[in-house]
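Data file: model13.csv. Format and content: CSV, N, CA and C atoms.
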chain,number,residue,atom,x,y,z
A,1,MET,N,38.1,-22.5,42.0
A,1,MET,CA,38.4,-21.7,43.1
A,1,MET,C,39.9,-21.3,43.1
A,2,SER,N,40.2,-20.1,43.5
A,2,SER,CA,41.7,-19.7,43.5
A,2,SER,C,42.3,-20.3,44.7
A,3,TYR,N,43.6,-20.4,44.7
A,3,TYR,CA,44.4,-21.0,45.8
A,3,TYR,C,44.2,-20.2,47.1
A,4,LEU,N,44.3,-18.9,47.0
A,4,LEU,CA,44.1,-18.0,48.1
A,4,LEU,C,42.9,-17.1,47.8
A,5,PRO,N,42.2,-16.6,48.8
A,5,PRO,CA,41.0,-15.8,48.6
A,5,PRO,C,41.2,-14.5,47.7
A,6,ALA,N,40.3,-14.2,46.9
A,6,ALA,CA,40.4,-13.1,46.0
A,6,ALA,C,40.4,-11.7,46.7
A,7,ASP,N,40.0,-11.7,48.0
A,7,ASP,CA,39.9,-10.4,48.7
A,7,ASP,C,41.2,-10.1,49.4
A,8,LEU,N,42.3,-10.9,49.3
A,8,LEU,CA,43.6,-10.6,49.9
A,8,LEU,C,44.2,-9.4,49.1
A,9,ALA,N,45.0,-8.7,49.8
A,9,ALA,CA,45.7,-7.6,49.1
A,9,ALA,C,46.6,-8.1,48.0
A,10,VAL,N,46.6,-7.3,46.9
A,10,VAL,CA,47.4,-7.7,45.8
A,10,VAL,C,48.6,-6.8,45.8
A,11,PRO,N,49.7,-7.2,45.2
A,11,PRO,CA,50.9,-6.4,45.1
A,11,PRO,C,50.6,-5.0,44.4
A,12,ILE,N,51.3,-4.0,44.9
A,12,ILE,CA,51.2,-2.7,44.3
A,12,ILE,C,52.5,-2.4,43.5
A,13,PRO,N,52.4,-2.4,42.2
A,13,PRO,CA,53.6,-2.2,41.4
A,13,PRO,C,54.3,-0.9,41.7
A,14,THR,N,55.7,-1.0,41.6
A,14,THR,CA,56.5,0.2,41.8
A,14,THR,C,57.2,0.5,40.5
A,15,LEU,N,57.9,1.6,40.5
A,15,LEU,CA,58.7,1.9,39.3
A,15,LEU,C,59.7,0.8,38.9
A,16,ASP,N,60.3,0.2,39.9
A,16,ASP,CA,61.2,-0.9,39.6
A,16,ASP,C,60.6,-2.2,39.1
A,17,ASN,N,59.4,-2.5,39.5
A,17,ASN,CA,58.8,-3.8,39.2
A,17,ASN,C,57.6,-3.8,38.3
A,18,GLN,N,57.2,-2.6,37.9
A,18,GLN,CA,56.0,-2.5,37.0
A,18,GLN,C,56.1,-3.3,35.8
A,19,ALA,N,57.2,-3.4,35.1
A,19,ALA,CA,57.4,-4.2,33.9
A,19,ALA,C,57.2,-5.7,34.2
A,20,TRP,N,57.6,-6.1,35.4
A,20,TRP,CA,57.5,-7.5,35.7
A,20,TRP,C,56.0,-7.8,35.9
A,21,TRP,N,55.3,-7.0,36.6
A,21,TRP,CA,53.8,-7.2,36.8
A,21,TRP,C,53.1,-7.1,35.5
A,22,ASP,N,53.5,-6.2,34.6
A,22,ASP,CA,52.8,-6.1,33.3
A,22,ASP,C,53.0,-7.4,32.5
A,23,ALA,N,54.2,-8.0,32.6
A,23,ALA,CA,54.5,-9.2,31.9
A,23,ALA,C,53.6,-10.3,32.5
A,24,CYS,N,53.5,-10.4,33.8
A,24,CYS,CA,52.6,-11.4,34.4
A,24,CYS,C,51.2,-11.3,33.9
A,25,ASN,N,50.7,-10.1,33.7
A,25,ASN,CA,49.4,-9.9,33.2
A,25,ASN,C,49.2,-10.3,31.7
A,26,ARG,N,50.4,-10.5,31.0
A,26,ARG,CA,50.4,-11.0,29.7
A,26,ARG,C,50.7,-12.5,29.7
A,27,ARG,N,50.7,-13.1,30.9
A,27,ARG,CA,51.1,-14.5,31.1
A,27,ARG,C,52.5,-14.8,30.6
A,28,GLU,N,53.4,-13.9,30.9
A,28,GLU,CA,54.8,-14.1,30.6
A,28,GLU,C,55.6,-14.0,31.9
A,29,LEU,N,56.4,-15.0,32.2
A,29,LEU,CA,57.3,-15.0,33.3
A,29,LEU,C,58.6,-14.6,32.8
A,30,VAL,N,59.1,-13.4,33.3
A,30,VAL,CA,60.3,-12.8,32.8
A,30,VAL,C,61.2,-12.4,34.1
A,31,PHE,N,62.5,-12.3,33.8
A,31,PHE,CA,63.4,-11.9,34.9
A,31,PHE,C,64.4,-10.9,34.3
A,32,GLN,N,64.9,-10.0,35.1
A,32,GLN,CA,65.9,-9.0,34.6
A,32,GLN,C,67.2,-9.7,34.4
A,33,ARG,N,67.9,-9.4,33.3
A,33,ARG,CA,69.2,-9.9,33.1
A,33,ARG,C,70.1,-8.7,32.9
A,34,CYS,N,71.1,-8.5,33.7
A,34,CYS,CA,72.1,-7.4,33.6
A,34,CYS,C,72.7,-7.4,32.2
A,35,SER,N,72.7,-6.2,31.6
A,35,SER,CA,73.3,-6.1,30.2
A,35,SER,C,74.8,-6.1,30.3
A,36,GLY,N,75.4,-5.8,31.5
A,36,GLY,CA,76.8,-5.8,31.7
A,36,GLY,C,77.4,-7.2,32.0
A,37,CYS,N,77.0,-7.8,33.1
A,37,CYS,CA,77.6,-9.1,33.5
A,37,CYS,C,76.7,-10.3,33.2
A,38,GLY,N,75.5,-10.1,32.9
A,38,GLY,CA,74.6,-11.2,32.6
A,38,GLY,C,73.9,-11.8,33.8
A,39,GLU,N,74.1,-11.3,35.0
A,39,GLU,CA,73.5,-11.8,36.2
A,39,GLU,C,72.0,-11.6,36.1
A,40,LEU,N,71.2,-12.6,36.5
A,40,LEU,CA,69.8,-12.5,36.6
A,40,LEU,C,69.5,-12.0,38.0
A,41,ARG,N,68.4,-11.1,38.0
A,41,ARG,CA,68.0,-10.6,39.3
A,41,ARG,C,66.5,-10.6,39.5
A,42,HIS,N,66.1,-11.0,40.7
A,42,HIS,CA,64.7,-11.0,41.1
A,42,HIS,C,64.7,-10.9,42.6
A,43,PRO,N,63.9,-10.1,43.2
A,43,PRO,CA,63.0,-9.2,42.5
A,43,PRO,C,63.6,-8.2,41.6
A,44,PRO,N,62.9,-7.6,40.7
A,44,PRO,CA,63.5,-6.6,39.8
A,44,PRO,C,64.0,-5.4,40.6
A,45,GLY,N,65.0,-4.8,40.1
A,45,GLY,CA,65.6,-3.7,40.8
A,45,GLY,C,66.3,-2.7,39.8
A,46,PRO,N,66.7,-1.6,40.2
A,46,PRO,CA,67.3,-0.6,39.3
A,46,PRO,C,68.7,-0.8,39.0
A,47,VAL,N,69.4,-1.7,39.8
A,47,VAL,CA,70.9,-1.8,39.6
A,47,VAL,C,71.3,-3.2,39.9
A,48,CYS,N,72.3,-3.7,39.1
A,48,CYS,CA,72.8,-5.0,39.3
A,48,CYS,C,73.6,-5.1,40.6
A,49,ARG,N,73.3,-6.2,41.4
A,49,ARG,CA,74.1,-6.3,42.7
A,49,ARG,C,75.5,-6.7,42.4
A,50,ARG,N,75.8,-7.3,41.3
A,50,ARG,CA,77.2,-7.8,41.0
A,50,ARG,C,78.1,-6.7,40.5
A,51,CYS,N,77.6,-6.1,39.4
A,51,CYS,CA,78.5,-5.1,38.7
A,51,CYS,C,78.0,-3.7,38.8
A,52,HIS,N,76.9,-3.5,39.4
A,52,HIS,CA,76.3,-2.1,39.6
A,52,HIS,C,75.9,-1.3,38.4
A,53,ARG,N,75.7,-2.1,37.3
A,53,ARG,CA,75.2,-1.4,36.1
A,53,ARG,C,73.7,-1.2,36.2
A,54,PHE,N,73.2,-0.2,35.5
A,54,PHE,CA,71.7,0.0,35.5
A,54,PHE,C,71.0,-0.6,34.4
A,55,GLU,N,71.7,-0.9,33.3
A,55,GLU,CA,71.1,-1.5,32.1
A,55,GLU,C,70.7,-2.9,32.3
A,56,ALA,N,69.5,-3.3,31.8
A,56,ALA,CA,69.0,-4.7,31.9
A,56,ALA,C,68.0,-5.0,30.8
A,57,VAL,N,67.9,-6.2,30.5
A,57,VAL,CA,66.9,-6.7,29.5
A,57,VAL,C,66.0,-7.7,30.3
A,58,TRP,N,64.9,-8.0,29.7
A,58,TRP,CA,64.0,-9.0,30.3
A,58,TRP,C,64.1,-10.3,29.6
A,59,GLN,N,64.4,-11.4,30.4
A,59,GLN,CA,64.6,-12.7,29.8
A,59,GLN,C,63.4,-13.6,30.2
A,60,PRO,N,62.8,-14.2,29.2
A,60,PRO,CA,61.6,-15.0,29.4
A,60,PRO,C,62.0,-16.4,30.1
A,61,SER,N,61.1,-16.9,30.8
A,61,SER,CA,61.3,-18.2,31.5
A,61,SER,C,60.2,-19.1,31.0
A,62,ARG,N,60.4,-20.4,30.9
A,62,ARG,CA,59.4,-21.4,30.5
A,62,ARG,C,58.5,-21.7,31.7
A,63,GLY,N,59.0,-21.4,32.9
A,63,GLY,CA,58.2,-21.6,34.1
A,63,GLY,C,58.3,-23.1,34.6
A,64,ARG,N,59.4,-23.7,34.4
A,64,ARG,CA,59.5,-25.1,34.9
A,64,ARG,C,60.7,-25.1,35.9
A,65,GLY,N,60.5,-25.8,37.0
A,65,GLY,CA,61.6,-25.7,38.0
A,65,GLY,C,61.3,-26.7,39.1
A,66,ARG,N,61.9,-26.4,40.3
A,66,ARG,CA,61.8,-27.3,41.5
A,66,ARG,C,61.5,-26.5,42.7
A,67,VAL,N,60.9,-27.2,43.7
A,67,VAL,CA,60.7,-26.6,45.0
A,67,VAL,C,62.1,-26.6,45.7
A,68,TYR,N,62.5,-25.4,46.1
A,68,TYR,CA,63.8,-25.2,46.8
A,68,TYR,C,63.5,-25.3,48.3
A,69,SER,N,62.4,-24.7,48.7
A,69,SER,CA,62.1,-24.6,50.2
A,69,SER,C,60.6,-24.4,50.3
A,70,PHE,N,60.0,-24.7,51.4
A,70,PHE,CA,58.6,-24.4,51.6
A,70,PHE,C,58.3,-24.4,53.1
A,71,THR,N,57.1,-23.9,53.4
A,71,THR,CA,56.5,-24.0,54.8
A,71,THR,C,55.0,-24.0,54.6
A,72,TRP,N,54.4,-24.6,55.6
A,72,TRP,CA,52.9,-24.7,55.6
A,72,TRP,C,52.4,-23.7,56.7
A,73,VAL,N,51.5,-22.8,56.3
A,73,VAL,CA,50.9,-21.9,57.2
A,73,VAL,C,49.7,-22.5,57.8
A,74,HIS,N,49.7,-22.6,59.2
A,74,HIS,CA,48.5,-23.2,59.9
A,74,HIS,C,47.7,-22.2,60.7
A,75,HIS,N,48.2,-21.0,60.9
A,75,HIS,CA,47.5,-20.1,61.7
A,75,HIS,C,46.8,-19.1,60.8
A,76,VAL,N,45.6,-18.7,61.2
A,76,VAL,CA,44.8,-17.7,60.5
A,76,VAL,C,45.3,-16.3,60.9
A,77,TYR,N,45.9,-15.6,59.9
A,77,TYR,CA,46.4,-14.3,60.1
A,77,TYR,C,45.4,-13.2,59.7
A,78,GLN,N,44.5,-13.6,58.7
A,78,GLN,CA,43.5,-12.8,58.2
A,78,GLN,C,42.2,-13.6,58.2
A,79,PRO,N,41.1,-13.0,58.6
A,79,PRO,CA,39.8,-13.8,58.6
A,79,PRO,C,39.5,-14.5,57.3
A,80,SER,N,39.9,-13.8,56.1
A,80,SER,CA,39.5,-14.4,54.8
A,80,SER,C,40.3,-15.7,54.6
A,81,LEU,N,41.4,-16.0,55.3
A,81,LEU,CA,42.2,-17.2,55.2
A,81,LEU,C,41.7,-18.4,56.0
A,82,ALA,N,40.7,-18.2,56.8
A,82,ALA,CA,40.2,-19.2,57.8
A,82,ALA,C,39.9,-20.5,57.1
A,83,GLU,N,39.3,-20.5,55.9
A,83,GLU,CA,39.0,-21.7,55.2
A,83,GLU,C,40.1,-22.2,54.3
A,84,ARG,N,41.2,-21.6,54.3
A,84,ARG,CA,42.3,-22.0,53.4
A,84,ARG,C,43.5,-22.6,54.1
A,85,VAL,N,43.6,-22.5,55.4
A,85,VAL,CA,44.7,-23.1,56.1
A,85,VAL,C,44.5,-24.7,56.2
A,86,PRO,N,45.6,-25.4,56.1
A,86,PRO,CA,46.9,-24.9,55.9
A,86,PRO,C,47.1,-24.6,54.4
A,87,TYR,N,48.0,-23.6,54.1
A,87,TYR,CA,48.4,-23.3,52.7
A,87,TYR,C,49.9,-23.2,52.8
A,88,ASP,N,50.5,-23.5,51.6
A,88,ASP,CA,52.0,-23.4,51.5
A,88,ASP,C,52.5,-22.1,51.0
A,89,VAL,N,53.7,-21.7,51.5
A,89,VAL,CA,54.4,-20.7,50.9
A,89,VAL,C,55.7,-21.4,50.5
A,90,SER,N,56.0,-21.4,49.1
A,90,SER,CA,57.1,-22.1,48.6
A,90,SER,C,58.1,-21.2,47.9
A,91,VAL,N,59.3,-21.6,47.9
A,91,VAL,CA,60.4,-21.0,47.1
A,91,VAL,C,60.7,-21.9,45.9
A,92,ILE,N,60.7,-21.4,44.7
A,92,ILE,CA,60.9,-22.2,43.5
A,92,ILE,C,62.1,-21.7,42.8
A,93,THR,N,63.0,-22.7,42.4
A,93,THR,CA,64.1,-22.3,41.5
A,93,THR,C,63.7,-22.8,40.1
A,94,LEU,N,64.1,-22.0,39.1
A,94,LEU,CA,63.7,-22.3,37.7
A,94,LEU,C,64.8,-22.8,36.9
A,95,ASP,N,64.5,-23.8,36.1
A,95,ASP,CA,65.5,-24.5,35.3
A,95,ASP,C,66.2,-23.5,34.4
A,96,ASP,N,65.6,-22.5,33.8
A,96,ASP,CA,66.2,-21.6,32.9
A,96,ASP,C,66.5,-20.2,33.4
A,97,ALA,N,66.5,-20.1,34.8
A,97,ALA,CA,66.8,-18.8,35.4
A,97,ALA,C,67.7,-19.1,36.6
A,98,PRO,N,69.0,-19.5,36.4
A,98,PRO,CA,69.9,-19.8,37.5
A,98,PRO,C,70.0,-18.6,38.5
A,99,GLY,N,70.0,-19.0,39.7
A,99,GLY,CA,70.1,-18.0,40.8
A,99,GLY,C,68.8,-17.3,41.2
A,100,VAL,N,67.8,-17.4,40.4
A,100,VAL,CA,66.5,-16.8,40.8
A,100,VAL,C,65.7,-17.8,41.7
A,101,ARG,N,65.2,-17.2,42.7
A,101,ARG,CA,64.3,-17.9,43.6
A,101,ARG,C,63.0,-17.1,43.8
A,102,LEU,N,61.9,-17.8,43.4
A,102,LEU,CA,60.6,-17.1,43.3
A,102,LEU,C,59.7,-17.6,44.5
A,103,VAL,N,59.2,-16.7,45.3
A,103,VAL,CA,58.4,-17.0,46.4
A,103,VAL,C,56.9,-17.0,45.9
A,104,THR,N,56.2,-18.1,46.1
A,104,THR,CA,54.9,-18.3,45.5
A,104,THR,C,54.2,-19.4,46.3
A,105,ASN,N,53.3,-20.1,45.6
A,105,ASN,CA,52.6,-21.3,46.2
A,105,ASN,C,52.6,-22.4,45.2
A,106,VAL,N,52.5,-23.6,45.7
A,106,VAL,CA,52.3,-24.8,44.9
A,106,VAL,C,50.8,-25.2,45.2
A,107,ILE,N,50.0,-25.1,44.1
A,107,ILE,CA,48.5,-25.1,44.4
A,107,ILE,C,47.9,-26.4,44.5
A,108,ASP,N,48.5,-27.5,44.1
A,108,ASP,CA,47.8,-28.8,44.0
A,108,ASP,C,48.4,-29.9,44.9
A,109,VAL,N,48.9,-29.5,46.0
A,109,VAL,CA,49.5,-30.4,46.9
A,109,VAL,C,49.0,-30.4,48.3
A,110,THR,N,49.1,-31.5,49.0
A,110,THR,CA,48.8,-31.6,50.4
A,110,THR,C,50.1,-31.5,51.2
A,111,PRO,N,50.1,-31.3,52.5
A,111,PRO,CA,51.3,-31.4,53.2
A,111,PRO,C,52.1,-32.6,53.0
A,112,ALA,N,51.5,-33.8,52.8
A,112,ALA,CA,52.2,-35.0,52.5
A,112,ALA,C,52.9,-35.0,51.1
A,113,ASP,N,52.3,-34.3,50.2
A,113,ASP,CA,52.8,-34.3,48.8
A,113,ASP,C,54.0,-33.4,48.5
A,114,LEU,N,54.1,-32.2,49.2
A,114,LEU,CA,55.1,-31.2,48.9
A,114,LEU,C,56.4,-31.6,49.5
A,115,SER,N,57.5,-31.5,48.7
A,115,SER,CA,58.8,-31.9,49.1
A,115,SER,C,59.9,-31.1,48.4
A,116,ILE,N,61.0,-30.9,49.1
A,116,ILE,CA,62.1,-30.3,48.4
A,116,ILE,C,62.5,-31.1,47.2
A,117,GLY,N,62.7,-30.4,46.1
A,117,GLY,CA,63.1,-31.0,44.8
A,117,GLY,C,61.9,-31.4,43.9
A,118,LEU,N,60.7,-31.3,44.4
A,118,LEU,CA,59.5,-31.6,43.6
A,118,LEU,C,59.5,-30.8,42.3
A,119,ALA,N,59.4,-31.5,41.2
A,119,ALA,CA,59.3,-30.8,39.9
A,119,ALA,C,57.9,-30.1,39.8
A,120,VAL,N,58.0,-28.8,39.4
A,120,VAL,CA,56.8,-28.0,39.3
A,120,VAL,C,56.8,-27.2,37.9
A,121,GLU,N,55.5,-26.8,37.6
A,121,GLU,CA,55.4,-25.9,36.4
A,121,GLU,C,54.5,-24.8,36.7
A,122,LEU,N,54.6,-23.7,35.9
A,122,LEU,CA,53.9,-22.5,36.1
A,122,LEU,C,52.4,-22.6,35.7
A,123,VAL,N,51.6,-22.0,36.6
A,123,VAL,CA,50.2,-21.7,36.2
A,123,VAL,C,49.9,-20.3,36.6
A,124,TRP,N,48.9,-19.7,36.0
A,124,TRP,CA,48.6,-18.3,36.3
A,124,TRP,C,47.3,-18.3,37.1
A,125,GLU,N,47.2,-17.4,38.1
A,125,GLU,CA,46.0,-17.3,38.9
A,125,GLU,C,45.7,-15.8,39.0
A,126,ALA,N,44.4,-15.5,38.8
A,126,ALA,CA,44.0,-14.1,39.0
A,126,ALA,C,43.8,-13.7,40.4
A,127,ALA,N,44.2,-12.5,40.8
A,127,ALA,CA,44.0,-11.9,42.1
A,127,ALA,C,43.5,-10.5,41.8
A,128,GLY,N,42.2,-10.4,41.7
A,128,GLY,CA,41.6,-9.1,41.2
A,128,GLY,C,42.0,-9.0,39.8
A,129,GLU,N,42.6,-7.9,39.4
A,129,GLU,CA,43.0,-7.7,38.0
A,129,GLU,C,44.5,-8.0,37.7
A,130,GLN,N,45.1,-8.6,38.7
A,130,GLN,CA,46.5,-8.9,38.6
A,130,GLN,C,46.7,-10.5,38.5
A,131,LEU,N,47.4,-10.9,37.5
A,131,LEU,CA,47.7,-12.4,37.4
A,131,LEU,C,49.0,-12.6,38.2
A,132,LEU,N,48.9,-13.7,39.0
A,132,LEU,CA,50.0,-14.1,39.9
A,132,LEU,C,50.6,-15.4,39.4
A,133,PRO,N,51.9,-15.6,39.4
A,133,PRO,CA,52.5,-16.9,39.1
A,133,PRO,C,52.4,-17.8,40.2
A,134,ARG,N,51.8,-18.9,40.0
A,134,ARG,CA,51.7,-20.0,41.0
A,134,ARG,C,52.3,-21.2,40.3
A,135,PHE,N,52.4,-22.3,41.0
A,135,PHE,CA,53.0,-23.6,40.4
A,135,PHE,C,52.2,-24.8,40.8
A,136,ARG,N,52.3,-25.8,40.0
A,136,ARG,CA,51.6,-27.1,40.3
A,136,ARG,C,52.7,-28.2,40.0
A,137,ARG,N,52.4,-29.4,40.5
A,137,ARG,CA,53.3,-30.5,40.2
A,137,ARG,C,53.4,-30.7,38.7
A,138,ALA,N,54.6,-30.9,38.2
A,138,ALA,CA,54.9,-31.1,36.8
A,138,ALA,C,54.5,-32.5,36.4

Here is a file; write its structure as structure tokens.
Amino acid sequence: MSYLPADLAVPIPTLDNQAWWDACNRRELVFQRCSGCGELRHPPGPVCRRCHRFEAVWQPSRGRGRVYSFTWVHHVYQPSLAERVPYDVSVITLDDAPGVRLVTNVIDVTPADLSIGLAVELVWEAAGEQLLPRFRRA
């Protein structure tokens, strides 16, 4: 069973983030690195926030990191989530992507298990035809 229901809306790629979603579908976690100053940026965007250059390359990540922050959702906002509450929404920092914070879920924890600093590793989960990066305890 997937962490969240399959009938939830999936992200619609844009010109700026299509390459990121395509990499996810290849099971590759990547982040934009500015070709000018080296700053990593996520979510993907057309210009570097630091030096304002447009050129960037995609840097792969091994997908290991730590929980930076989290919350537990206890209210049913959509009927399809009724059997999934509570579920977490977590912010993950990655060991090999300084400054990047990825909003996602940690799929194998209870409210008592999830904590700031918990070591996590990447797992892929299908949502329709899109693969989404999720995390589990490392």

**Report entry** Contact residues around Leu4 in chain A with only C-alpha atoms at 9 Å, ignoring same-chain residues under 3 positions, as a PyMOL selection string
**Finding:** chain A and resi 1+7-8+80-81+84+87+127

Requested in this report: Find the residue from A:Leu132, A:Val120, A:Ile12, A:Leu29 that sits nearest to Trp58 in chain A; use only C-alpha atoms when measuring.
Outcome: A:Leu29

Query raised in the report: At what distance in Å, to one decimal, does CA of Thr14 in chain A lie from CA of Gly38 in chain A?
Result: 23.3 Å

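On the backbone of this structure, DSSP gives helix (DSSP H, G or I) within chain A to Gln18, Ala19, Trp20, Trp21, Asp22, Ala23, Cys24, Asn25, Pro79, Ser80 and Leu81 of chain A.
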
Query - Within 6.5 Å of Leu40 in chain A using all atoms listed in the file, minus same-chain residues under 5 positions, as a ChimeraX atom specification - result: /A:31-34,98-100

Requested in this report: Counting only N, CA and C atoms, figure out which residue out of A:His75, A:Glu28, A:Asn17, A:Ala126 gets nearest to Pro5 in chain A.
Outcome: A:Ala126

Query - Among listed residues A:Gln130, A:Gly117, A:Ala97, A:Arg136, nearest Arg26 in chain A (using only C-alpha atoms) - result: A:Gln130

Determine, counting all atoms listed in the file, every residue of protein, DNA or RNA that lies within 5 Å of (61.8, -1.3, 41.8) in the file coordinates, then give the result as a PDB file with N, CA and C atoms, in the frame of the given file.
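Just written: part_2.pdb:
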ATOM      1  N   LEU A  15      57.900   1.600  40.500  1.00  0.00           N
ATOM      2  CA  LEU A  15      58.700   1.900  39.300  1.00  0.00           C
ATOM      3  C   LEU A  15      59.700   0.800  38.900  1.00  0.00           C
ATOM      4  N   ASP A  16      60.300   0.200  39.900  1.00  0.00           N
ATOM      5  CA  ASP A  16      61.200  -0.900  39.600  1.00  0.00           C
ATOM      6  C   ASP A  16      60.600  -2.200  39.100  1.00  0.00           C
ATOM      7  N   ASN A  17      59.400  -2.500  39.500  1.00  0.00           N
ATOM      8  CA  ASN A  17      58.800  -3.800  39.200  1.00  0.00           C
ATOM      9  C   ASN A  17      57.600  -3.800  38.300  1.00  0.00           C
ATOM     10  N   PRO A  44      62.900  -7.600  40.700  1.00  0.00           N
ATOM     11  CA  PRO A  44      63.500  -6.600  39.800  1.00  0.00           C
ATOM     12  C   PRO A  44      64.000  -5.400  40.600  1.00  0.00           C
ATOM     13  N   GLY A  45      65.000  -4.800  40.100  1.00  0.00           N
ATOM     14  CA  GLY A  45      65.600  -3.700  40.800  1.00  0.00           C
ATOM     15  C   GLY A  45      66.300  -2.700  39.800  1.00  0.00           C
TER      16      GLY A  45
END

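Those residues that approach Asp95 in chain A to within 8 Å, counting only C-alpha atoms, are Gly63, Arg64, Gly65 and Arg66 of chain A; same-chain residues fewer than 4 positions away are not listed.
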